[in-house]
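Notes for the one structure printed next.
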Amino acid sequence: MSAAAGPGRGAGRIAYPALLATTALGTMSSNVINAPLWVIRTDLGMTAQQSVLAVSAFTIAMATAVPLAGWLGDRLGVKVFLIAALGVMVLAELTAASATGLETLVSARAVQGAACSAIPPCVQAALVSTWPERTAQTMGAWASAIGVGQAVGPPFGGLLTEALGWRWVFLVHAGLVLVLMALLAASMPKVGRRRPPMHVAAMAWLVVGGGSTATAVLLAGQTGPWTAVALLAACAVLGWWLFAHLSRRRARRSAADGTAPRPLLDPALLRDPAYLTAAAGAGLAMGTLAVAIVAVPLFLGAELRLGPAQIGVVVFTLALAMTATGPAAARIGRRLGSRVQLGRGVALVVLAAPVVTVAMATSGLGVARWVVVSLVVLGLVLAGIGIALAQSAAATELVLSPAGRSGAAVGIHNMIRFLSMAAGYSAVSLAWATGASLFVFPALAVAALGLLLLLRITRGPEPAPAPPPLPTTAGPATRRRKDRP
């Protein structure tokens, strides 16, 4: 291998699937209570709004903590921090399993989301550092692992709830995380620690900006708390502005005086075209995913009167398409480049949106139900392929950009992903509450067309392969060779 020697062949065969499984389990943890939510609500005596809070607490905490998690991965070492975060997740799940009221459940879900925020930046860094010559392949597999998590999470939660009760959802998931912790501890190569600068004020305002944005976006999906949304939006703007201002000021001082403290990250990294393209592509992919997995079940249940099992089968086609596209995405990226791959993924989202919209518009016009369902499935398959292509291409653009070497920048990228997902949830909620459900997918198509235009305007050379963002520390007996993951 180049700058970083990979793990031994046996260790690599374990570490690679273990890292991907960690991504899948992390994705599952966000949606695993969606199916049994009604049972949990009834058992704990929660209102509908309180049950939604149990779901949204995870998303808010994850979006808020992920930049700090990226920085901590750099600072403490990816392997140590990832395993420690998984340990915190296990404790939070055990707490959730023993919850007797709303406060305990929501608090445990928030801690679980904060711990889960370590998974995206740490897994991405570990994959790229250990197999730098296979960046497109590993990022395609990473995108597929997200699809697996989206597919398996709801039925996992539903089946366990029916068989053993909802508390076992958390207990079994915690057991699976413990198994992964052991596998990672035994097989994951050490990724060299870095010493990124700490700028407490900038990090604090970044967390305030991200947390306020996530909360405001989720509340915007409700029709009532507009005063709270306005206040949170003001806090978000203030947080982001102060973060940028403090970072720019420290960067100027550091440039003028070499002994002055460095900024948390160079603000120029966030303006890099490759970074902006990666953020926009990942945001669209996650927003599309959120709209599809919420809007389609609502439509199928309310308009076509399909049962939960039938809806689950239909929505599963989205995750299946995402999972199956991973290997093909890697080949497209290697042959045509990540930006072309991203453009094709976005174009498929544009095609998927009107297909689902036509299905929704014709459901009340006497069209046979199987025709409507077939159109929905076609739209979901197109969307799933597009999401997988866009997500893996965005990840490749990110890790090959200069910002890909900064844990804080990778964390902000992942914050944008989760905020986009929260925005998708809120858009669906607001559209259904105001009777504008037919406009959800057209709005998604407009956003995708805007990104296609941006890709054309900012077209430039493909990013050159960069050294891995973090050097892998290998044992003295490790041979310098290319190991297949």
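Residue numbers start at 1 in each chain; chains themselves are named A, B, ... in the order of the structure tokens; ligands are numbered from 1 in the order shown.
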
What are the closest atom pairs, with distances in Å to one decimal, for all residues of region 291-355 of chain A lying within 7 Å of region 131-153 of chain A? Consider only C-alpha atoms, order rows by chain and residue number, and present the result as CSV.
residue,atom,partner,partner_atom,distance
A:Phe316,CA,A:Ala151,CA,5.8
A:Ala319,CA,A:Gly147,CA,5.0
A:Met322,CA,A:Gly147,CA,5.3
A:Thr323,CA,A:Ser144,CA,4.2
A:Gly326,CA,A:Gly140,CA,4.6
A:Pro327,CA,A:Gly140,CA,6.2
A:Ala329,CA,A:Gly140,CA,5.8
A:Ala330,CA,A:Gln137,CA,4.6
A:Gly333,CA,A:Ala136,CA,6.1
A:Arg334,CA,A:Ala136,CA,6.4

May I have the selected residues written with N, CA and C atoms, as a PDB file, in the first residue's frame?
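Listed below is the output, out-v1.pdb:
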ATOM      1  N   PHE A 316     -39.489  -1.762   1.202  1.00  0.00           N
ATOM      2  CA  PHE A 316     -38.253  -2.546   1.204  1.00  0.00           C
ATOM      3  C   PHE A 316     -37.554  -2.483  -0.140  1.00  0.00           C
ATOM      4  N   ALA A 319     -34.784   0.154  -0.142  1.00  0.00           N
ATOM      5  CA  ALA A 319     -33.548  -0.255   0.516  1.00  0.00           C
ATOM      6  C   ALA A 319     -32.833  -1.343  -0.283  1.00  0.00           C
ATOM      7  N   MET A 322     -30.949   0.314  -3.025  1.00  0.00           N
ATOM      8  CA  MET A 322     -29.762   0.968  -2.485  1.00  0.00           C
ATOM      9  C   MET A 322     -28.650  -0.035  -2.224  1.00  0.00           C
ATOM     10  N   THR A 323     -29.001  -1.157  -1.609  1.00  0.00           N
ATOM     11  CA  THR A 323     -28.001  -2.156  -1.252  1.00  0.00           C
ATOM     12  C   THR A 323     -27.383  -2.792  -2.494  1.00  0.00           C
ATOM     13  N   GLY A 326     -24.592  -0.699  -4.606  1.00  0.00           N
ATOM     14  CA  GLY A 326     -23.265  -0.384  -4.077  1.00  0.00           C
ATOM     15  C   GLY A 326     -22.114  -0.836  -4.952  1.00  0.00           C
ATOM     16  N   PRO A 327     -22.021  -2.126  -5.301  1.00  0.00           N
ATOM     17  CA  PRO A 327     -20.907  -2.571  -6.157  1.00  0.00           C
ATOM     18  C   PRO A 327     -20.882  -1.881  -7.510  1.00  0.00           C
ATOM     19  N   ALA A 329     -22.034   1.089  -8.155  1.00  0.00           N
ATOM     20  CA  ALA A 329     -21.616   2.477  -7.937  1.00  0.00           C
ATOM     21  C   ALA A 329     -20.108   2.586  -7.914  1.00  0.00           C
ATOM     22  N   ALA A 330     -19.456   1.623  -7.267  1.00  0.00           N
ATOM     23  CA  ALA A 330     -17.994   1.653  -7.222  1.00  0.00           C
ATOM     24  C   ALA A 330     -17.399   1.535  -8.620  1.00  0.00           C
ATOM     25  N   GLY A 333     -17.925   4.800 -10.486  1.00  0.00           N
ATOM     26  CA  GLY A 333     -17.007   5.816  -9.986  1.00  0.00           C
ATOM     27  C   GLY A 333     -15.599   5.626 -10.495  1.00  0.00           C
ATOM     28  N   ARG A 334     -15.129   4.385 -10.540  1.00  0.00           N
ATOM     29  CA  ARG A 334     -13.765   4.139 -11.024  1.00  0.00           C
ATOM     30  C   ARG A 334     -13.652   4.424 -12.515  1.00  0.00           C
TER      31      ARG A 334
END

Problem - Atomic separation - CA of Ala422 (chain A) relative to CA of Ala84 (chain A), Å - result: 26.5 Å

Exercise for the section: Using only C-alpha atoms, pick whichever of A:Thr434, A:Ser374, A:Thr215, A:Thr161 has the shortest atom-to-atom distance to Thr59 (chain A). Expected result: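 That would be A:Thr215, the residue with the smallest distance to Thr59 (chain A).
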
Problem - Residue list (alpha helix (DSSP H), DSSP) for region 261-423 of chain A, as a PyMOL selection string - result: chain A and resi 267-270+273-302+308-336+338-362+369-400+407-423

Practice task
Would you please work out which residue, of A:Leu25, A:Leu231, A:Ala290, A:Ala69, is nearest to Leu178 (chain A) when using only C-alpha atoms?
Solution key: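 Among the listed residues, the smallest separation from Leu178 (chain A) belongs to A:Leu25.
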
Practice task
Extract, using only C-alpha atoms, all DNA, RNA and protein residues at most 7 Å from Leu183 (chain A), discarding same-chain residues fewer than 4 positions from it, and format them as a PyMOL selection string.
Solution key: chain A and resi 18+179+187

Exercise for the section: Show which residues sit within 8 Å of Val356 (chain A), as a list in words. Count only C-alpha atoms, and ignore same-chain residues fewer than 3 positions away. Expected result: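 Near Val356 (chain A), the qualifying residues are Ala352, Ala353, Ala359, Met360, Leu375, Val376, Gly379, Leu380 and Phe441 of chain A.
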
Restrict the selected residues to C-alpha atoms and save them as a short mmCIF file (atom, residue, chain, number, x, y, z; two decimals), in the first residue's frame.
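Listing of result-v8.cif after writing:
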data_model
loop_
_atom_site.label_atom_id
_atom_site.label_comp_id
_atom_site.auth_asym_id
_atom_site.auth_seq_id
_atom_site.Cartn_x
_atom_site.Cartn_y
_atom_site.Cartn_z
CA ALA A 352 -38.20 8.97 -9.69
CA ALA A 353 -40.10 12.00 -8.34
CA ALA A 359 -49.03 7.24 -8.75
CA MET A 360 -50.28 9.50 -5.95
CA LEU A 375 -45.65 2.85 -10.22
CA VAL A 376 -44.68 3.46 -6.60
CA GLY A 379 -40.26 5.19 -8.40
CA LEU A 380 -38.71 3.72 -5.24
CA PHE A 441 -41.99 14.79 -4.66
#

Practice task
Take CA of Gly209 (chain A) and CA of Trp240 (chain A) and report the distance between them in Å, one decimal.
Solution key: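 Interatomic distance, CA of Gly209 (chain A) to CA of Trp240 (chain A): 5.0 Å.
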
Problem - A:Leu348, A:Met198, A:Ala395, A:Ala409 ranked by distance to Ala445 (chain A), top pick (using only C-alpha atoms) - result: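 Among the listed residues, A:Leu348 lies closest to Ala445 (chain A).
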